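Undergrad: I am sharing start38.tsv, which consists of TSV, C-alpha atoms:
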```tsv
chain	number	residue	atom	x	y	z
A	1	MET	CA	82.77	-136.34	4.24
A	2	SER	CA	82.87	-138.20	7.56
A	3	ARG	CA	86.45	-139.26	6.84
A	4	LEU	CA	87.45	-135.63	6.28
A	5	LEU	CA	85.87	-134.58	9.60
A	6	THR	CA	87.77	-137.35	11.39
A	7	ILE	CA	91.09	-136.19	9.94
A	8	LEU	CA	90.40	-132.55	10.94
A	9	MET	CA	89.58	-133.58	14.53
A	10	LEU	CA	92.84	-135.59	14.77
A	11	ILE	CA	94.85	-132.57	13.57
A	12	ALA	CA	93.17	-130.33	16.18
A	13	LEU	CA	93.94	-132.81	18.98
A	14	LEU	CA	97.59	-133.08	17.97
A	15	ALA	CA	97.93	-129.30	17.89
A	16	ALA	CA	96.41	-129.02	21.39
A	17	CYS	CA	98.86	-131.57	22.75
A	18	LYS	CA	101.82	-129.56	21.47
A	19	ARG	CA	100.74	-126.31	23.17
A	20	GLU	CA	102.78	-125.43	26.22
A	21	PRO	CA	100.82	-124.28	29.26
A	22	LYS	CA	100.96	-120.53	29.95
A	23	PRO	CA	103.36	-119.72	32.80
A	24	SER	CA	101.68	-118.57	36.03
A	25	LEU	CA	103.13	-115.95	38.32
A	26	LEU	CA	101.88	-117.86	41.34
A	27	THR	CA	102.70	-121.44	42.31
A	28	ASP	CA	101.21	-123.39	45.19
A	29	THR	CA	103.23	-123.97	48.36
A	30	ASP	CA	102.82	-126.38	51.24
A	31	GLU	CA	101.24	-123.61	53.32
A	32	GLY	CA	98.53	-122.98	50.74
A	33	TYR	CA	99.74	-119.47	49.86
A	34	GLY	CA	101.01	-118.41	46.45
A	35	SER	CA	104.61	-117.48	45.72
A	36	ILE	CA	106.37	-115.53	43.00
A	37	ALA	CA	108.90	-117.56	41.01
A	38	ASP	CA	111.66	-115.03	41.79
A	39	GLN	CA	111.58	-114.19	45.51
A	40	SER	CA	115.19	-113.10	45.78
A	41	ILE	CA	114.42	-109.41	46.37
A	42	ASP	CA	116.59	-108.12	49.21
A	43	LEU	CA	117.80	-104.79	50.61
A	44	ALA	CA	120.03	-103.89	47.63
A	45	ASP	CA	117.12	-104.36	45.21
A	46	ILE	CA	114.80	-102.31	47.43
A	47	GLU	CA	117.35	-99.49	47.67
A	48	GLN	CA	117.76	-99.51	43.90
A	49	ALA	CA	113.97	-99.23	43.47
A	50	GLY	CA	113.89	-96.41	46.04
A	51	GLU	CA	110.74	-97.74	47.69
A	52	LEU	CA	110.02	-99.99	50.67
A	53	ILE	CA	106.65	-101.76	50.54
A	54	ALA	CA	105.12	-102.63	53.92
A	55	VAL	CA	101.84	-104.42	54.50
A	56	THR	CA	99.73	-104.07	57.65
A	57	VAL	CA	96.10	-104.03	58.77
A	58	ASN	CA	93.88	-101.07	59.57
A	59	GLY	CA	93.55	-100.01	63.20
A	60	PRO	CA	94.51	-97.36	65.78
A	61	ASP	CA	97.81	-99.11	66.68
A	62	THR	CA	98.74	-100.20	63.17
A	63	TYR	CA	97.66	-97.78	60.42
A	64	TYR	CA	94.91	-95.27	59.71
A	65	GLU	CA	94.62	-91.97	57.89
A	66	TYR	CA	93.92	-88.63	59.54
A	67	ARG	CA	93.54	-85.67	57.17
A	68	ASN	CA	95.42	-87.53	54.46
A	69	LYS	CA	98.29	-88.30	56.82
A	70	GLY	CA	99.24	-91.83	57.88
A	71	MET	CA	99.03	-92.58	61.59
A	72	GLY	CA	99.43	-95.59	63.88
A	73	LEU	CA	102.49	-96.94	65.73
A	74	GLN	CA	103.34	-99.69	63.23
A	75	PHE	CA	103.07	-97.31	60.27
A	76	LEU	CA	105.19	-94.63	61.95
A	77	LEU	CA	107.87	-97.18	62.84
A	78	ALA	CA	107.93	-98.45	59.26
A	79	GLU	CA	108.09	-94.87	57.96
A	80	ALA	CA	110.97	-94.06	60.31
A	81	PHE	CA	112.86	-97.16	59.15
A	82	ALA	CA	112.31	-96.30	55.48
A	83	ASN	CA	113.46	-92.73	56.11
A	84	SER	CA	116.62	-93.99	57.80
A	85	LEU	CA	117.50	-95.72	54.52
A	86	GLY	CA	116.51	-92.77	52.36
A	87	LEU	CA	113.56	-94.70	50.92
A	88	ARG	CA	109.95	-93.89	50.21
A	89	LEU	CA	107.44	-95.98	52.17
A	90	ARG	CA	104.49	-97.48	50.38
A	91	ILE	CA	101.89	-98.90	52.73
A	92	GLU	CA	99.50	-101.66	51.67
A	93	VAL	CA	96.49	-102.55	53.82
A	94	ALA	CA	95.41	-106.20	54.08
A	95	ASN	CA	92.15	-107.53	55.46
A	96	ASP	CA	93.69	-110.02	57.88
A	97	THR	CA	96.80	-111.95	58.93
A	98	ALA	CA	96.46	-114.57	56.21
A	99	GLU	CA	96.43	-111.90	53.51
A	100	MET	CA	99.48	-110.16	55.00
A	101	VAL	CA	101.47	-113.41	54.96
A	102	ALA	CA	100.32	-114.16	51.41
A	103	MET	CA	101.33	-110.71	50.17
A	104	LEU	CA	104.79	-111.08	51.75
A	105	LYS	CA	105.39	-114.54	50.30
A	106	GLU	CA	104.09	-113.53	46.87
A	107	GLY	CA	106.52	-110.62	46.73
A	108	ARG	CA	103.81	-107.96	46.84
A	109	ALA	CA	105.31	-106.57	50.05
A	110	ASP	CA	108.84	-106.40	51.45
A	111	LEU	CA	107.87	-106.65	55.10
A	112	ILE	CA	104.91	-107.15	57.41
A	113	ALA	CA	104.62	-104.05	59.62
A	114	CYS	CA	102.38	-105.66	62.19
A	115	GLU	CA	103.41	-107.59	65.27
A	116	LEU	CA	102.34	-111.19	64.62
A	117	PRO	CA	102.84	-114.23	66.91
A	118	ARG	CA	106.30	-115.71	66.39
A	119	GLU	CA	104.92	-119.26	66.21
A	120	LEU	CA	102.71	-118.18	63.31
A	121	LEU	CA	105.69	-116.67	61.49
A	122	LYS	CA	107.77	-119.81	62.05
A	123	LYS	CA	104.95	-121.98	60.75
A	124	ASN	CA	104.80	-119.89	57.58
A	125	ASP	CA	108.58	-120.09	57.07
A	126	VAL	CA	109.35	-116.35	57.27
A	127	TYR	CA	111.90	-114.47	59.37
A	128	ALA	CA	110.75	-112.68	62.54
A	129	CYS	CA	112.69	-109.41	62.80
A	130	GLY	CA	112.41	-105.67	63.39
A	131	ALA	CA	109.72	-104.29	65.65
A	132	ASN	CA	108.66	-106.70	68.36
A	133	SER	CA	106.75	-106.82	71.62
A	134	GLU	CA	104.89	-109.32	73.73
A	135	LYS	CA	102.34	-109.52	70.89
A	136	GLY	CA	104.92	-110.71	68.39
A	137	SER	CA	107.21	-109.43	65.66
A	138	TRP	CA	107.45	-108.01	62.16
A	139	ALA	CA	108.44	-110.37	59.35
A	140	VAL	CA	110.35	-110.56	56.06
A	141	ARG	CA	110.92	-113.41	53.58
A	142	LYS	CA	113.80	-115.79	54.25
A	143	THR	CA	115.25	-114.66	50.94
A	144	SER	CA	115.72	-111.15	52.42
A	145	PRO	CA	118.44	-111.73	55.06
A	146	GLU	CA	120.08	-108.32	54.50
A	147	LEU	CA	116.76	-106.52	55.06
A	148	CYS	CA	116.20	-108.59	58.20
A	149	ALA	CA	119.66	-107.74	59.55
A	150	GLU	CA	119.16	-104.03	58.83
A	151	LEU	CA	115.80	-104.06	60.62
A	152	ASP	CA	117.25	-105.80	63.68
A	153	SER	CA	120.15	-103.36	63.76
A	154	TRP	CA	117.88	-100.31	63.47
A	155	TYR	CA	115.10	-101.34	65.83
A	156	GLY	CA	115.34	-101.20	69.60
A	157	GLU	CA	113.30	-100.10	72.58
A	158	PRO	CA	114.65	-96.50	72.38
A	159	LYS	CA	113.33	-96.27	68.81
A	160	ARG	CA	109.89	-97.48	69.87
A	161	THR	CA	109.88	-95.02	72.79
A	162	GLU	CA	110.90	-92.20	70.44
A	163	VAL	CA	108.01	-92.91	68.03
A	164	LEU	CA	105.52	-93.29	70.90
A	165	ALA	CA	106.62	-89.90	72.26
A	166	SER	CA	106.13	-88.40	68.80
A	167	MET	CA	102.62	-89.88	68.65
A	168	HIS	CA	101.81	-88.42	72.06
A	169	ASN	CA	102.92	-84.95	70.94
A	170	VAL	CA	100.81	-85.23	67.80
A	171	SER	CA	97.78	-86.32	69.83
A	172	THR	CA	98.27	-83.39	72.23
A	173	ASN	CA	98.71	-80.81	69.47
A	174	ARG	CA	95.75	-82.14	67.49
A	175	PHE	CA	93.31	-80.98	70.13
A	176	ARG	CA	95.04	-77.71	70.97
A	177	GLN	CA	92.99	-74.90	69.44
A	178	GLN	CA	94.71	-71.85	68.02
A	179	ARG	CA	92.98	-68.65	69.06
A	180	SER	CA	94.79	-65.73	67.49
A	181	GLN	CA	91.57	-63.68	67.49
A	182	ALA	CA	88.32	-63.62	69.43
A	183	VAL	CA	85.12	-65.17	68.07
A	184	PHE	CA	84.04	-61.61	67.17
A	185	TYR	CA	86.51	-58.97	66.04
A	186	SER	CA	83.88	-56.39	67.04
A	187	LYS	CA	80.41	-57.54	68.05
A	188	LYS	CA	79.24	-53.95	68.46
A	189	SER	CA	80.27	-53.06	64.91
A	190	GLY	CA	79.04	-56.36	63.48
A	191	ILE	CA	82.50	-57.50	62.37
A	192	VAL	CA	83.29	-61.18	62.78
A	193	SER	CA	86.84	-61.00	61.44
A	194	THR	CA	89.10	-58.97	59.18
A	195	TYR	CA	88.32	-61.50	56.43
A	196	ASP	CA	84.53	-61.03	56.30
A	197	ALA	CA	84.59	-59.61	52.76
A	198	LEU	CA	86.47	-62.71	51.56
A	199	PHE	CA	83.97	-64.99	53.29
A	200	PHE	CA	81.18	-63.13	51.52
A	201	ARG	CA	82.93	-63.54	48.18
A	202	ALA	CA	83.37	-67.26	48.88
A	203	SER	CA	79.70	-67.49	49.87
A	204	ARG	CA	78.77	-66.37	46.36
A	205	MET	CA	80.66	-69.40	45.04
A	206	THR	CA	79.32	-71.97	47.48
A	207	GLY	CA	75.80	-70.76	48.15
A	208	TRP	CA	76.60	-70.87	51.88
A	209	ASP	CA	75.98	-68.06	54.33
A	210	TRP	CA	79.21	-66.11	54.74
A	211	LYS	CA	78.83	-66.40	58.52
A	212	LEU	CA	78.91	-70.20	58.26
A	213	LEU	CA	82.22	-69.95	56.39
A	214	ALA	CA	83.50	-67.59	59.09
A	215	SER	CA	82.45	-70.08	61.76
A	216	GLN	CA	84.26	-72.88	59.96
A	217	CYS	CA	87.39	-70.74	59.61
A	218	TYR	CA	87.40	-69.99	63.33
A	219	GLN	CA	87.18	-73.72	64.04
A	220	GLU	CA	90.01	-74.46	61.62
A	221	SER	CA	92.56	-71.78	62.51
A	222	GLY	CA	91.13	-69.21	64.92
A	223	PHE	CA	91.40	-66.68	62.02
A	224	ASP	CA	95.18	-67.17	61.94
A	225	PRO	CA	96.35	-66.91	58.28
A	226	ASN	CA	99.77	-68.37	59.18
A	227	ALA	CA	98.47	-71.42	61.04
A	228	ILE	CA	100.15	-74.76	60.31
A	229	SER	CA	98.70	-77.93	61.82
A	230	TRP	CA	100.73	-80.94	62.98
A	231	ALA	CA	99.53	-82.70	59.80
A	232	GLY	CA	100.80	-79.88	57.58
A	233	ALA	CA	97.48	-78.16	56.81
A	234	ARG	CA	98.01	-74.46	56.10
A	235	GLY	CA	96.33	-71.12	56.50
A	236	LEU	CA	92.92	-69.84	57.48
A	237	MET	CA	90.89	-72.82	56.25
A	238	GLN	CA	93.67	-75.39	56.92
A	239	ILE	CA	94.14	-76.66	53.38
A	240	MET	CA	96.49	-79.62	52.96
A	241	PRO	CA	99.30	-78.97	50.44
A	242	SER	CA	98.37	-82.15	48.55
A	243	THR	CA	94.76	-80.96	48.25
A	244	ALA	CA	95.89	-77.57	46.96
A	245	SER	CA	98.22	-79.14	44.40
A	246	GLY	CA	95.40	-81.37	43.19
A	247	MET	CA	93.31	-78.26	42.59
A	248	GLY	CA	96.07	-76.48	40.69
A	249	VAL	CA	97.00	-74.15	43.56
A	250	SER	CA	100.59	-73.81	44.74
A	251	PRO	CA	100.97	-74.84	48.41
A	252	ASP	CA	103.28	-71.82	48.80
A	253	ASN	CA	100.28	-69.53	48.26
A	254	LEU	CA	98.12	-71.08	50.99
A	255	PHE	CA	99.19	-68.46	53.54
A	256	ASP	CA	97.58	-65.80	51.36
A	257	PRO	CA	94.07	-65.28	52.88
A	258	GLU	CA	92.31	-64.79	49.56
A	259	THR	CA	93.88	-67.86	47.95
A	260	ASN	CA	93.23	-70.01	50.99
A	261	ILE	CA	89.57	-69.05	51.41
A	262	MET	CA	88.76	-69.33	47.71
A	263	THR	CA	90.46	-72.72	47.51
A	264	ALA	CA	88.36	-73.86	50.48
A	265	ALA	CA	85.25	-72.60	48.65
A	266	ARG	CA	86.15	-74.74	45.64
A	267	LEU	CA	86.64	-77.75	47.90
A	268	ILE	CA	83.27	-77.13	49.56
A	269	ASN	CA	81.64	-76.93	46.14
A	270	LYS	CA	83.18	-80.27	45.23
A	271	LEU	CA	81.90	-81.89	48.41
A	272	GLU	CA	78.45	-80.34	47.90
A	273	GLY	CA	78.34	-82.16	44.58
A	274	ARG	CA	79.27	-85.46	46.20
A	275	PHE	CA	76.40	-85.12	48.66
A	276	ALA	CA	73.92	-83.80	46.08
A	277	ASN	CA	71.50	-86.65	46.85
A	278	ILE	CA	70.89	-85.18	50.32
A	279	ALA	CA	67.90	-82.97	49.56
A	280	ASN	CA	67.79	-80.93	52.76
A	281	PRO	CA	70.37	-78.12	52.38
A	282	THR	CA	71.03	-77.79	56.13
A	283	GLU	CA	71.58	-81.53	56.47
A	284	ARG	CA	73.86	-81.47	53.43
A	285	LYS	CA	76.00	-78.74	55.02
A	286	LYS	CA	76.62	-81.00	58.02
A	287	PHE	CA	77.80	-83.83	55.77
A	288	VAL	CA	80.06	-81.44	53.82
A	289	LEU	CA	81.60	-80.12	57.05
A	290	ALA	CA	82.14	-83.68	58.28
A	291	ALA	CA	83.86	-84.68	55.03
A	292	TYR	CA	85.98	-81.50	55.04
A	293	ASN	CA	87.24	-82.48	58.50
A	294	GLY	CA	87.30	-86.28	58.47
A	295	GLY	CA	87.48	-87.17	54.79
A	296	TYR	CA	84.79	-88.09	52.29
A	297	GLY	CA	85.69	-91.78	52.39
A	298	HIS	CA	85.09	-92.10	56.13
A	299	ILE	CA	81.74	-90.30	55.92
A	300	SER	CA	80.72	-92.59	53.06
A	301	ASP	CA	81.61	-95.55	55.31
A	302	ALA	CA	79.43	-94.14	58.10
A	303	MET	CA	76.56	-93.70	55.63
A	304	ALA	CA	76.96	-97.31	54.48
A	305	LEU	CA	76.83	-98.52	58.10
A	306	THR	CA	73.78	-96.34	58.76
A	307	LYS	CA	71.96	-97.95	55.84
A	308	LYS	CA	73.03	-101.44	56.90
A	309	TYR	CA	71.61	-100.94	60.38
A	310	GLY	CA	68.26	-99.67	59.06
A	311	LYS	CA	68.73	-95.96	59.76
A	312	ASN	CA	68.52	-92.96	57.41
A	313	PRO	CA	71.90	-92.47	55.63
A	314	TYR	CA	70.86	-88.94	54.62
A	315	ARG	CA	70.16	-87.70	58.16
A	316	TRP	CA	73.17	-86.48	60.12
A	317	SER	CA	71.74	-87.40	63.52
A	318	ASP	CA	71.67	-91.05	62.34
A	319	VAL	CA	74.98	-91.04	60.47
A	320	SER	CA	76.89	-89.20	63.22
A	321	TYR	CA	76.39	-92.17	65.55
A	322	PHE	CA	78.42	-94.36	63.21
A	323	VAL	CA	80.97	-91.60	62.60
A	324	GLN	CA	81.67	-91.60	66.33
A	325	HIS	CA	81.87	-95.40	66.46
A	326	LEU	CA	84.22	-95.89	63.51
A	327	SER	CA	86.98	-95.99	66.11
A	328	GLU	CA	85.66	-99.38	67.29
A	329	PRO	CA	86.78	-102.65	65.59
A	330	HIS	CA	83.19	-103.91	65.41
A	331	TYR	CA	82.42	-101.06	63.03
A	332	TYR	CA	85.65	-100.21	61.20
A	333	LYS	CA	86.19	-103.91	60.36
A	334	ASP	CA	82.67	-104.28	58.98
A	335	PRO	CA	82.66	-105.53	55.35
A	336	VAL	CA	80.82	-102.39	54.13
A	337	VAL	CA	83.60	-100.15	55.48
A	338	LYS	CA	86.26	-99.34	52.87
A	339	TYR	CA	88.41	-96.71	54.60
A	340	GLY	CA	88.80	-98.27	58.05
A	341	TYR	CA	89.49	-96.64	61.38
A	342	MET	CA	88.86	-92.94	62.01
A	343	ILE	CA	88.86	-90.61	65.01
A	344	GLY	CA	85.14	-90.00	64.57
A	345	SER	CA	84.53	-88.17	67.83
A	346	GLU	CA	86.65	-85.28	66.61
A	347	THR	CA	84.66	-84.96	63.39
A	348	TYR	CA	81.37	-85.13	65.29
A	349	HIS	CA	82.41	-82.31	67.62
A	350	TYR	CA	83.79	-80.31	64.69
A	351	VAL	CA	80.42	-80.28	62.92
A	352	ASP	CA	78.61	-79.51	66.18
A	353	ALA	CA	80.91	-76.58	67.03
A	354	VAL	CA	80.76	-75.00	63.56
A	355	MET	CA	76.96	-75.22	63.35
A	356	ASN	CA	76.45	-73.88	66.90
A	357	ARG	CA	78.81	-70.95	66.31
A	358	TRP	CA	76.98	-70.15	63.07
A	359	THR	CA	73.74	-70.01	65.05
A	360	GLY	CA	75.45	-67.63	67.47
A	361	TYR	CA	76.65	-65.36	64.65
A	362	ASN	CA	73.14	-65.29	63.18
A	363	SER	CA	71.59	-64.38	66.53
A	364	VAL	CA	73.73	-61.23	66.56
A	365	LEU	CA	74.09	-60.33	62.90
A	366	HIS	CA	70.93	-61.86	61.43
A	367	ASN	CA	71.09	-61.33	57.64
A	368	ALA	CA	73.60	-58.50	57.77
A	369	MET	CA	76.16	-58.01	55.02
A	370	PRO	CA	79.82	-57.83	55.98
A	371	LYS	CA	80.99	-54.31	56.79
A	372	GLY	CA	82.46	-52.52	53.81
A	373	VAL	CA	80.92	-54.86	51.24
A	374	ASP	CA	78.81	-53.29	48.51
A	375	LEU	CA	76.63	-55.79	46.69
A	376	ALA	CA	76.83	-53.61	43.59
A	377	ASP	CA	80.51	-54.52	43.34
A	378	TYR	CA	79.45	-58.12	42.69
A	379	ASP	CA	76.65	-57.32	40.25
A	380	ASN	CA	78.60	-55.76	37.40
A	381	LYS	CA	77.67	-55.62	33.74
A	382	GLU	CA	79.73	-58.61	32.71
A	383	ARG	CA	77.19	-60.91	34.37
A	384	LYS	CA	73.96	-61.92	32.66
A	385	ASN	CA	70.54	-61.89	34.27
A	386	ASN	CA	69.03	-65.23	35.13
A	387	ARG	CA	65.64	-65.45	33.39
A	388	PHE	CA	64.40	-67.89	36.01
A	389	SER	CA	65.09	-65.67	39.04
A	390	LYS	CA	65.45	-61.92	39.40
A	391	GLN	CA	67.51	-62.36	42.56
A	392	GLN	CA	70.26	-64.44	40.88
A	393	ASN	CA	72.84	-63.67	38.21
A	394	ILE	CA	74.65	-66.02	35.84
A	395	VAL	CA	78.36	-65.94	36.56
A	396	SER	CA	80.89	-67.30	34.08
A	397	LYS	CA	83.91	-69.36	35.11
A	398	ASP	CA	86.17	-66.47	34.02
A	399	ASP	CA	84.45	-63.99	36.32
A	400	SER	CA	86.79	-62.07	38.65
A	401	LEU	CA	84.73	-63.43	41.53
A	402	PHE	CA	86.44	-66.80	41.08
A	403	HIS	CA	89.98	-65.54	40.72
A	404	VAL	CA	92.42	-67.58	42.79
A	405	LYS	CA	96.16	-67.06	42.91
A	406	ARG	CA	97.98	-70.15	41.68
```
Translate the structure of the given file into structure tokens.

TA:
Amino acid sequence: MSRLLTILMLIALLAACKREPKPSLLTDTDEGYGSIADQSIDLADIEQAGELIAVTVNGPDTYYEYRNKGMGLQFLLAEAFANSLGLRLRIEVANDTAEMVAMLKEGRADLIACELPRELLKKNDVYACGANSEKGSWAVRKTSPELCAELDSWYGEPKRTEVLASMHNVSTNRFRQQRSQAVFYSKKSGIVSTYDALFFRASRMTGWDWKLLASQCYQESGFDPNAISWAGARGLMQIMPSTASGMGVSPDNLFDPETNIMTAARLINKLEGRFANIANPTERKKFVLAAYNGGYGHISDAMALTKKYGKNPYRWSDVSYFVQHLSEPHYYKDPVVKYGYMIGSETYHYVDAVMNRWTGYNSVLHNAMPKGVDLADYDNKERKNNRFSKQQNIVSKDDSLFHVKR
């Protein structure tokens, strides 16, 4: 028996010796970073793929997102370069310089869109090319000489000045409020806007006061149904085309007041669900408004920071401090932050303005219904009574109340 076991063990050892090691995508280099076996990707390959991959870090001068739109000088320069070649730009965000260099050398990025010290680039055996300043230069692999030459040919001080001027115009337009109508269409008659009936209909979907929705709309567009922001947001409630498409609504229909307001109501409902763990309804509204303006991810980051620093992550007065300070490296580079830099002061003032205007509407209108709205029109026979509350009806998803043009 023991002889048989010995023979079996010898067979197993011989079989193990004959196995070839599994090939690894990464191999070690002298610099300690990994590298893909085939690093010969150059401009012709990138053009064939139709996509340029740039890596950078998060920050106000490099890359950040504002209302689902990329911003930052380095990102905008990379986007302009990609557009000049008829390519899509895909941006990847690294945690630090070491990760950017590693991603470039491993073939996970075509270029570093961040100005790094030239000595550092030379040490890591990559080409310095493209955008450059006193801080340093962009970089590509040495196996991408055509891409490097194209970058050097395209980039120049006039190009940098052009992009900086574009950024200045965007910054100026971002804070310019559109005021196509007054805060009240007719205070004496109790009419906030010509869209009050639609706000009331949306309020039945969201559970919000219709006057709060009117206040938000004024902050978004000044009651201008044809408003288009610098970022591409459209209509009364400034819905981004990508958001509309994700909700099954054609961006072409966002200038229709009914479609726009009802799409916003659906978005508000979605955000209400994401903040369902905030018990106080007034507090929850502030978080929803903040996420509507600044993005759910950034507000989640501010909540994470609030908790880390021992404050209440479900109280807006605590969270808003970190919202405002997410423009500072100390906070947006914190390990608990996932979505990076944001222009938090704008979101803070947005929430403050909407809530204060709502208070002003209530001081004049109190609990008034919109003019021309008959509650009976919303309480038709197709809706069932709610056995738990005489004041509420059960509304099906097919109810005409929820009809949105797609």

Undergrad: Smallest atom-to-atom distance to A:Glu346: which of A:Gly107, A:Gly207, A:Gly372, A:Gly294, using all atoms listed in the file?

TA: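 For A:Glu346, the nearest of the candidates is A:Gly294.
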
Undergrad: Name the residues within 12 Å of (118.9, -104.9, 47.7), counting all atoms listed in the file in the file's coordinates, and put them as a list in words.

TA: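 Those residues, ordered by chain and then number, are Ser40, Ile41, Asp42, Leu43, Ala44, Asp45, Ile46, Glu47, Gln48, Ala49, Gly50, Glu51, Leu52, Leu85, Leu87, Asp110, Thr143, Ser144, Pro145, Glu146, Leu147, Cys148 and Glu150 of chain A.
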
Undergrad: Which residue, A:Gly340, A:Gly310, A:Val163, A:Phe184, has the smallest gap to A:Tyr63 when you use all atoms listed in the file?

TA: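 The answer is A:Gly340, which sits nearest to A:Tyr63.
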
Undergrad: Which residues are near A:Leu104? Cut-off 8 Å, only C-alpha atoms, ignore same chain within fewer than 4 positions. Put them as a list in words.

TA: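 Everything that qualifies: Val55, Met100, Arg108, Ala109, Asp110, Leu111, Ile112, Val140 and Arg141 of chain A.
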
Undergrad: Store the residues of this selection in a file with C-alpha atoms, as a tab-separated table (two decimals), keeping the file's coordinate frame.

TA:
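So result_11.tsv came out as:
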```tsv
chain	number	residue	atom	x	y	z
A	55	VAL	CA	101.84	-104.42	54.50
A	100	MET	CA	99.48	-110.16	55.00
A	108	ARG	CA	103.81	-107.96	46.84
A	109	ALA	CA	105.31	-106.57	50.05
A	110	ASP	CA	108.84	-106.40	51.45
A	111	LEU	CA	107.87	-106.65	55.10
A	112	ILE	CA	104.91	-107.15	57.41
A	140	VAL	CA	110.35	-110.56	56.06
A	141	ARG	CA	110.92	-113.41	53.58
```

Undergrad: How many Å lie between atom CA of A:Tyr155 and atom CA of A:Ala82, rounded to one decimal?

TA: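 Between these atoms lies a distance of 11.8 Å.
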
Undergrad: In Å, rounded to a single decimal, give me how far atom CA of A:Pro335 is from atom CA of A:Gly70.

TA: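 Separation between atom CA of A:Gly70 and atom CA of A:Pro335: 21.7 Å.
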
Undergrad: Between atom CA of A:Gly72 and atom CA of A:Pro241, what is the distance, to one decimal in Å?

TA: 21.4 Å
